[in-house]
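Here is the file target23.txt (compact mmCIF, C-alpha atoms).
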# COMPACT_ATOMS: atom_id res chain seq x y z
CA MET A 1 0.00 0.00 0.00
CA LEU A 2 1.18 3.50 -0.89
CA GLY A 3 0.94 6.60 1.31
CA LEU A 4 1.00 10.19 0.08
CA ILE A 5 1.38 13.44 2.01
CA LEU A 6 0.44 16.35 -0.21
CA GLY A 7 1.86 19.83 0.31
CA SER A 8 0.44 23.32 -0.20
CA GLY A 9 -1.27 23.62 -3.58
CA LEU A 10 -0.39 20.02 -4.49
CA SER A 11 -3.42 18.19 -3.09
CA ALA A 12 -5.19 17.75 -6.43
CA CYS A 13 -3.50 14.42 -7.16
CA ALA A 14 -5.71 12.69 -4.58
CA ASP A 15 -8.77 13.94 -6.49
CA SER A 16 -7.95 11.34 -9.17
CA PHE A 17 -8.27 8.39 -6.76
CA ALA A 18 -10.80 5.80 -7.91
CA ASP A 19 -13.37 4.53 -5.39
CA ARG A 20 -12.52 7.41 -3.06
CA THR A 21 -13.43 7.54 0.60
CA VAL A 22 -12.80 10.96 2.17
CA VAL A 23 -12.62 11.21 5.96
CA PRO A 24 -12.16 14.71 7.45
CA PHE A 25 -9.59 14.90 10.25
CA GLY A 26 -12.35 16.08 12.59
CA LYS A 27 -14.03 12.67 12.35
CA LEU A 28 -10.86 10.76 13.27
CA PRO A 29 -10.05 10.24 16.96
CA HIS A 30 -7.05 12.26 18.20
CA PHE A 31 -6.39 13.79 14.77
CA PRO A 32 -5.42 17.46 15.13
CA SER A 33 -6.50 19.76 12.29
CA ALA A 34 -4.45 22.11 10.15
CA THR A 35 -4.96 25.81 10.87
CA ILE A 36 -3.46 27.46 7.77
CA PRO A 37 -5.51 28.56 4.73
CA GLY A 38 -6.09 25.70 2.30
CA PRO A 39 -7.37 22.14 2.74
CA SER A 40 -8.96 21.72 6.17
CA GLY A 41 -7.47 18.26 6.46
CA SER A 42 -8.68 14.92 5.16
CA LEU A 43 -7.56 11.32 4.93
CA ILE A 44 -8.40 9.93 1.49
CA ILE A 45 -8.47 6.22 0.74
CA GLY A 46 -8.73 4.86 -2.78
CA ASP A 47 -7.08 3.39 -5.82
CA PHE A 48 -4.30 5.51 -7.37
CA GLU A 49 -3.22 4.33 -10.82
CA GLY A 50 -4.02 0.75 -9.83
CA VAL A 51 -2.28 0.96 -6.44
CA PRO A 52 -4.22 0.88 -3.13
CA SER A 53 -3.33 4.23 -1.56
CA ILE A 54 -3.99 6.54 1.37
CA ALA A 55 -3.39 10.28 1.05
CA ILE A 56 -3.16 13.06 3.60
CA GLN A 57 -4.49 16.45 2.47
CA GLY A 58 -3.67 19.26 4.88
CA ARG A 59 -0.52 18.45 6.85
CA LEU A 60 0.41 19.93 10.23
CA HIS A 61 3.34 22.25 10.93
CA LEU A 62 5.47 23.19 13.88
CA TYR A 63 4.59 26.87 13.44
CA GLU A 64 0.94 26.08 14.14
CA GLY A 65 1.96 25.27 17.69
CA TYR A 66 2.20 21.51 17.27
CA SER A 67 5.13 19.49 18.54
CA ALA A 68 7.23 17.57 16.03
CA ALA A 69 5.55 14.33 17.15
CA GLU A 70 2.11 15.85 16.60
CA ALA A 71 3.15 17.19 13.19
CA ALA A 72 4.13 13.63 12.23
CA PHE A 73 1.09 11.94 13.83
CA HIS A 74 -0.61 11.32 10.49
CA THR A 75 2.56 9.57 9.26
CA ARG A 76 2.31 7.24 12.26
CA VAL A 77 -1.29 6.49 11.33
CA LEU A 78 -0.34 5.75 7.71
CA GLY A 79 2.35 3.37 8.94
CA CYS A 80 -0.05 1.59 11.28
CA LEU A 81 -2.53 1.24 8.41
CA GLY A 82 0.11 -0.74 6.54
CA ILE A 83 1.79 1.53 4.00
CA LEU A 84 5.22 0.32 2.87
CA ARG A 85 6.17 3.32 0.73
CA LEU A 86 5.51 7.02 1.27
CA ILE A 87 5.57 9.85 -1.26
CA VAL A 88 5.86 13.30 0.33
CA THR A 89 5.44 16.57 -1.55
CA ASN A 90 5.98 20.12 -0.39
CA ALA A 91 6.21 23.70 -1.55
CA ALA A 92 9.71 25.08 -1.00
CA GLY A 93 11.79 28.16 -1.60
CA GLY A 94 14.70 27.87 -3.99
CA VAL A 95 18.09 28.37 -2.33
CA ASN A 96 20.13 27.09 -5.27
CA PRO A 97 20.39 30.08 -7.67
CA ALA A 98 20.22 27.70 -10.64
CA PHE A 99 16.62 26.82 -9.72
CA ARG A 100 13.54 28.65 -10.96
CA PRO A 101 9.93 28.81 -9.72
CA GLY A 102 8.00 25.83 -11.04
CA ASP A 103 10.96 23.43 -10.87
CA LEU A 104 10.50 20.04 -9.23
CA MET A 105 13.32 18.92 -6.93
CA LEU A 106 13.80 15.35 -5.83
CA ILE A 107 15.04 15.48 -2.24
CA THR A 108 18.25 13.49 -1.76
CA ASP A 109 18.85 14.43 1.89
CA HIS A 110 17.79 16.97 4.47
CA ILE A 111 19.15 19.27 7.16
CA ASN A 112 16.98 19.61 10.25
CA LEU A 113 17.22 23.15 11.62
CA THR A 114 13.77 23.14 13.20
CA GLY A 115 15.24 22.58 16.66
CA SER A 116 13.01 19.56 17.29
CA ASN A 117 12.71 15.85 16.51
CA PRO A 118 9.51 13.78 16.50
CA LEU A 119 11.29 10.89 18.23
CA THR A 120 12.11 12.91 21.36
CA GLY A 121 10.75 11.19 24.48
CA PRO A 122 10.08 7.54 25.29
CA ASN A 123 10.57 5.18 22.35
CA LEU A 124 7.79 2.78 21.39
CA HIS A 125 9.81 -0.26 20.33
CA ALA A 126 6.79 -1.76 18.53
CA LEU A 127 7.05 1.15 16.06
CA GLY A 128 10.81 1.31 15.57
CA PRO A 129 14.28 1.37 17.16
CA ARG A 130 15.49 3.94 19.67
CA PHE A 131 18.22 5.15 17.28
CA PRO A 132 17.02 4.79 13.67
CA ASP A 133 19.53 5.07 10.82
CA MET A 134 19.01 8.09 8.54
CA SER A 135 21.85 7.52 6.05
CA GLU A 136 19.33 6.71 3.29
CA ALA A 137 16.32 8.65 4.53
CA TYR A 138 15.22 9.16 0.91
CA ASP A 139 15.17 5.76 -0.74
CA PRO A 140 17.70 5.49 -3.62
CA ALA A 141 15.68 2.88 -5.53
CA MET A 142 12.54 5.03 -5.44
CA ARG A 143 14.56 8.05 -6.56
CA ALA A 144 15.88 6.04 -9.53
CA ILE A 145 12.30 5.18 -10.52
CA ALA A 146 11.32 8.86 -10.24
CA HIS A 147 14.16 9.86 -12.58
CA LYS A 148 13.19 7.15 -15.07
CA VAL A 149 9.56 8.24 -15.13
CA ALA A 150 10.53 11.92 -15.39
CA ARG A 151 12.65 11.16 -18.45
CA GLU A 152 9.80 9.20 -20.03
CA LYS A 153 7.37 12.07 -19.38
CA GLY A 154 9.79 14.77 -20.54
CA ILE A 155 9.83 16.40 -17.10
CA GLU A 156 13.01 18.06 -15.87
CA LEU A 157 13.60 16.76 -12.35
CA ARG A 158 16.14 18.55 -10.23
CA GLU A 159 17.89 17.00 -7.24
CA GLY A 160 18.98 18.60 -4.03
CA ILE A 161 19.10 18.92 -0.27
CA TYR A 162 16.11 20.27 1.64
CA ILE A 163 16.65 22.33 4.78
CA GLY A 164 13.81 22.64 7.27
CA LEU A 165 13.18 25.62 9.54
CA ALA A 166 10.32 26.04 11.98
CA GLY A 167 8.71 29.19 10.52
CA PRO A 168 6.17 30.74 10.23
CA SER A 169 8.12 33.82 9.15
CA TYR A 170 9.92 33.44 5.87
CA GLU A 171 13.70 33.40 6.14
CA THR A 172 15.83 36.51 6.08
CA PRO A 173 18.43 36.99 3.33
CA ALA A 174 21.14 36.32 5.93
CA GLU A 175 19.49 33.05 6.92
CA ILE A 176 19.29 32.02 3.27
CA ARG A 177 23.01 32.77 2.85
CA MET A 178 23.60 30.49 5.85
CA CYS A 179 21.45 27.77 4.25
CA ARG A 180 23.51 27.99 1.05
CA LYS A 181 26.75 27.70 2.98
CA LEU A 182 25.37 24.60 4.74
CA GLY A 183 24.73 23.00 1.34
CA ALA A 184 20.96 23.38 1.02
CA ASP A 185 19.23 23.70 -2.34
CA ALA A 186 15.69 24.37 -1.08
CA VAL A 187 14.12 25.56 2.16
CA GLY A 188 10.76 24.83 3.76
CA MET A 189 8.76 24.43 6.96
CA SER A 190 7.51 20.84 6.71
CA THR A 191 8.40 17.29 5.64
CA ILE A 192 11.31 16.55 7.99
CA PRO A 193 9.27 15.30 10.99
CA GLU A 194 7.26 13.07 8.63
CA VAL A 195 10.38 11.63 6.98
CA ILE A 196 12.04 10.91 10.33
CA VAL A 197 8.97 9.06 11.59
CA ALA A 198 8.62 7.11 8.33
CA ASN A 199 12.25 5.97 8.56
CA HIS A 200 11.72 5.05 12.22
CA MET A 201 8.90 2.72 11.08
CA GLY A 202 10.89 1.22 8.20
CA ILE A 203 8.82 2.95 5.50
CA ARG A 204 10.63 3.81 2.26
CA VAL A 205 10.35 7.49 1.33
CA LEU A 206 10.33 9.50 -1.88
CA ALA A 207 10.04 13.28 -1.48
CA ILE A 208 9.59 16.00 -4.09
CA SER A 209 9.71 19.75 -3.55
CA CYS A 210 7.93 22.14 -5.86
CA ILE A 211 10.09 25.25 -6.01
CA THR A 212 7.40 27.90 -5.72
CA ASN A 213 9.62 30.95 -5.27
CA MET A 214 13.23 31.92 -4.91
CA ALA A 215 14.17 32.37 -1.26
CA ALA A 216 14.78 35.79 0.27
CA GLY A 217 17.73 37.64 -1.22
CA ILE A 218 18.09 35.36 -4.26
CA LEU A 219 15.81 37.57 -6.35
CA PRO A 220 14.30 40.97 -5.52
CA GLY A 221 10.76 41.10 -4.15
CA LYS A 222 8.82 40.02 -1.06
CA LEU A 223 7.31 36.61 -0.39
CA THR A 224 3.66 35.77 0.28
CA HIS A 225 1.79 32.56 1.07
CA GLU A 226 -0.65 33.29 -1.76
CA GLU A 227 2.24 33.34 -4.25
CA VAL A 228 3.50 29.99 -2.94
CA VAL A 229 0.11 28.31 -3.28
CA ARG A 230 -0.53 29.84 -6.71
CA MET A 231 2.77 28.56 -8.11
CA ALA A 232 2.32 25.11 -6.55
CA GLU A 233 -1.13 24.81 -8.10
CA SER A 234 0.19 25.78 -11.52
CA ALA A 235 2.88 23.07 -11.29
CA SER A 236 0.73 20.38 -9.68
CA ALA A 237 -0.13 18.56 -12.90
With the file now loaded, output its structure as structure tokens.
Amino acid sequence: MLGLILGSGLSACADSFADRTVVPFGKLPHFPSATIPGPSGSLIIGDFEGVPSIAIQGRLHLYEGYSAAEAAFHTRVLGCLGILRLIVTNAAGGVNPAFRPGDLMLITDHINLTGSNPLTGPNLHALGPRFPDMSEAYDPAMRAIAHKVAREKGIELREGIYIGLAGPSYETPAEIRMCRKLGADAVGMSTIPEVIVANHMGIRVLAISCITNMAAGILPGKLTHEEVVRMAESASA
């Protein structure tokens, strides 16, 4: 079974599920709800291109006041429902000056600068080990498949390192210069807690960032959430 976590402006792919069942977060016990503009939060079960799948529309973020464990709660639920592979998408700012808005970036690794980890606290050994390995957090075999499909579809697929900050303010130009010096290619406020939890549970992960804007200081101009969502929606197909 396949799991999907769909980022800002990228939720439309779950609309193509066959035999869809949509369950709002509010009807699921213990499920917190997203508070940002956009999808209110739903778990969608169905058939995606012939594959039994479960999708999350409306993820949670640290900047909403949730802990890292709470932000990754839906990933735990997907794992307990039996997914073996997880595809994560997000909207991200371009740190690499070679990138342009609308690019898709396959995440090869991440840098966690959120200041938190969803595994902090007592470890539930039934879910995973106390000290999970993160050397291949983004599955190489799944990445190879993504590149193959991108070539077949004529889609240019970038690769790079994603750096996560807590938000909700967008980064300053000085912070973006720091991110570049640390080796990041894209910056965002999500994904990392979910990927850590998935690896803890032995779930293979593929993650794709939609570069919705160039990060602060790369190009002139101010950043807005509306711009991010608008660009993600235009690239979602």
Would you mind listing, for every residue of range 62-171 of chain A within 6 Å of range 1-11 of chain A, the two atoms forming the shortest contact and the distance between them in Å to one decimal, using all atoms listed in the file, sorted by chain and ascending residue number, as a tab-separated table?
residue	atom	partner	partner_atom	distance
A:Ile83	CA	A:Met1	CA	4.6
A:Leu84	CA	A:Met1	CA	6.0
A:Arg85	CA	A:Leu2	CA	5.2
A:Leu86	CA	A:Gly3	CA	4.6
A:Ile87	CA	A:Leu4	CA	4.8
A:Val88	CA	A:Ile5	CA	4.8
A:Thr89	CA	A:Leu6	CA	5.2
A:Asn90	CA	A:Gly7	CA	4.2
A:Ala91	CA	A:Ser8	CA	5.9
Deliver the residues from the most recent selection as a file, using C-alpha atoms, as an mmCIF file, in the frame of the given file.
data_model
loop_
_atom_site.group_PDB
_atom_site.id
_atom_site.type_symbol
_atom_site.label_atom_id
_atom_site.label_comp_id
_atom_site.auth_asym_id
_atom_site.auth_seq_id
_atom_site.Cartn_x
_atom_site.Cartn_y
_atom_site.Cartn_z
ATOM 1 C CA ILE A 83 1.790 1.530 4.000
ATOM 2 C CA LEU A 84 5.220 0.320 2.870
ATOM 3 C CA ARG A 85 6.170 3.320 0.730
ATOM 4 C CA LEU A 86 5.510 7.020 1.270
ATOM 5 C CA ILE A 87 5.570 9.850 -1.260
ATOM 6 C CA VAL A 88 5.860 13.300 0.330
ATOM 7 C CA THR A 89 5.440 16.570 -1.550
ATOM 8 C CA ASN A 90 5.980 20.120 -0.390
ATOM 9 C CA ALA A 91 6.210 23.700 -1.550
#
Neighbouring residues of Ile203 in chain A were defined as those with any atom within 12 Å, considering all atoms listed in the file; residues of the same chain fewer than 3 positions away were excluded. Please report them as a ChimeraX atom specification. /A:1-4,75-76,78-88,127-128,132,134,136-139,142,194-200,206
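Among the candidates A:Ser42, A:Thr172, A:Ser209, A:Ser67, the one nearest to Phe99 in chain A when counting all atoms listed in the file is A:Ser209.
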Find the residue from A:Glu233, A:Glu156, A:Glu171, A:Asp15 that sits nearest to Asp47 in chain A; use all atoms listed in the file when measuring. A:Asp15
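Minimum atom-to-atom distances from A:Ile161, A:Met214, A:Val205, A:Ala126 to Ala98 in chain A were compared using all atoms listed in the file, and the lowest value belongs to A:Met214.
Each of A:Glu152, A:Ala235, A:Ala184, A:Ala174 was compared to Asn112 in chain A using all atoms listed in the file, and A:Ala184 turns out to be the nearest.
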CA of Phe131 in chain A and CA of Asp109 in chain A are how many Å apart? 18.0 Å
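Using all atoms listed in the file, the smallest distance between any of A:Ile56, A:Ala72, A:Ala18, A:Val77 and Pro193 in chain A comes from A:Ala72.
Coordinates place CA of Asn117 in chain A at a distance of 29.2 Å from CA of Ala12 in chain A.
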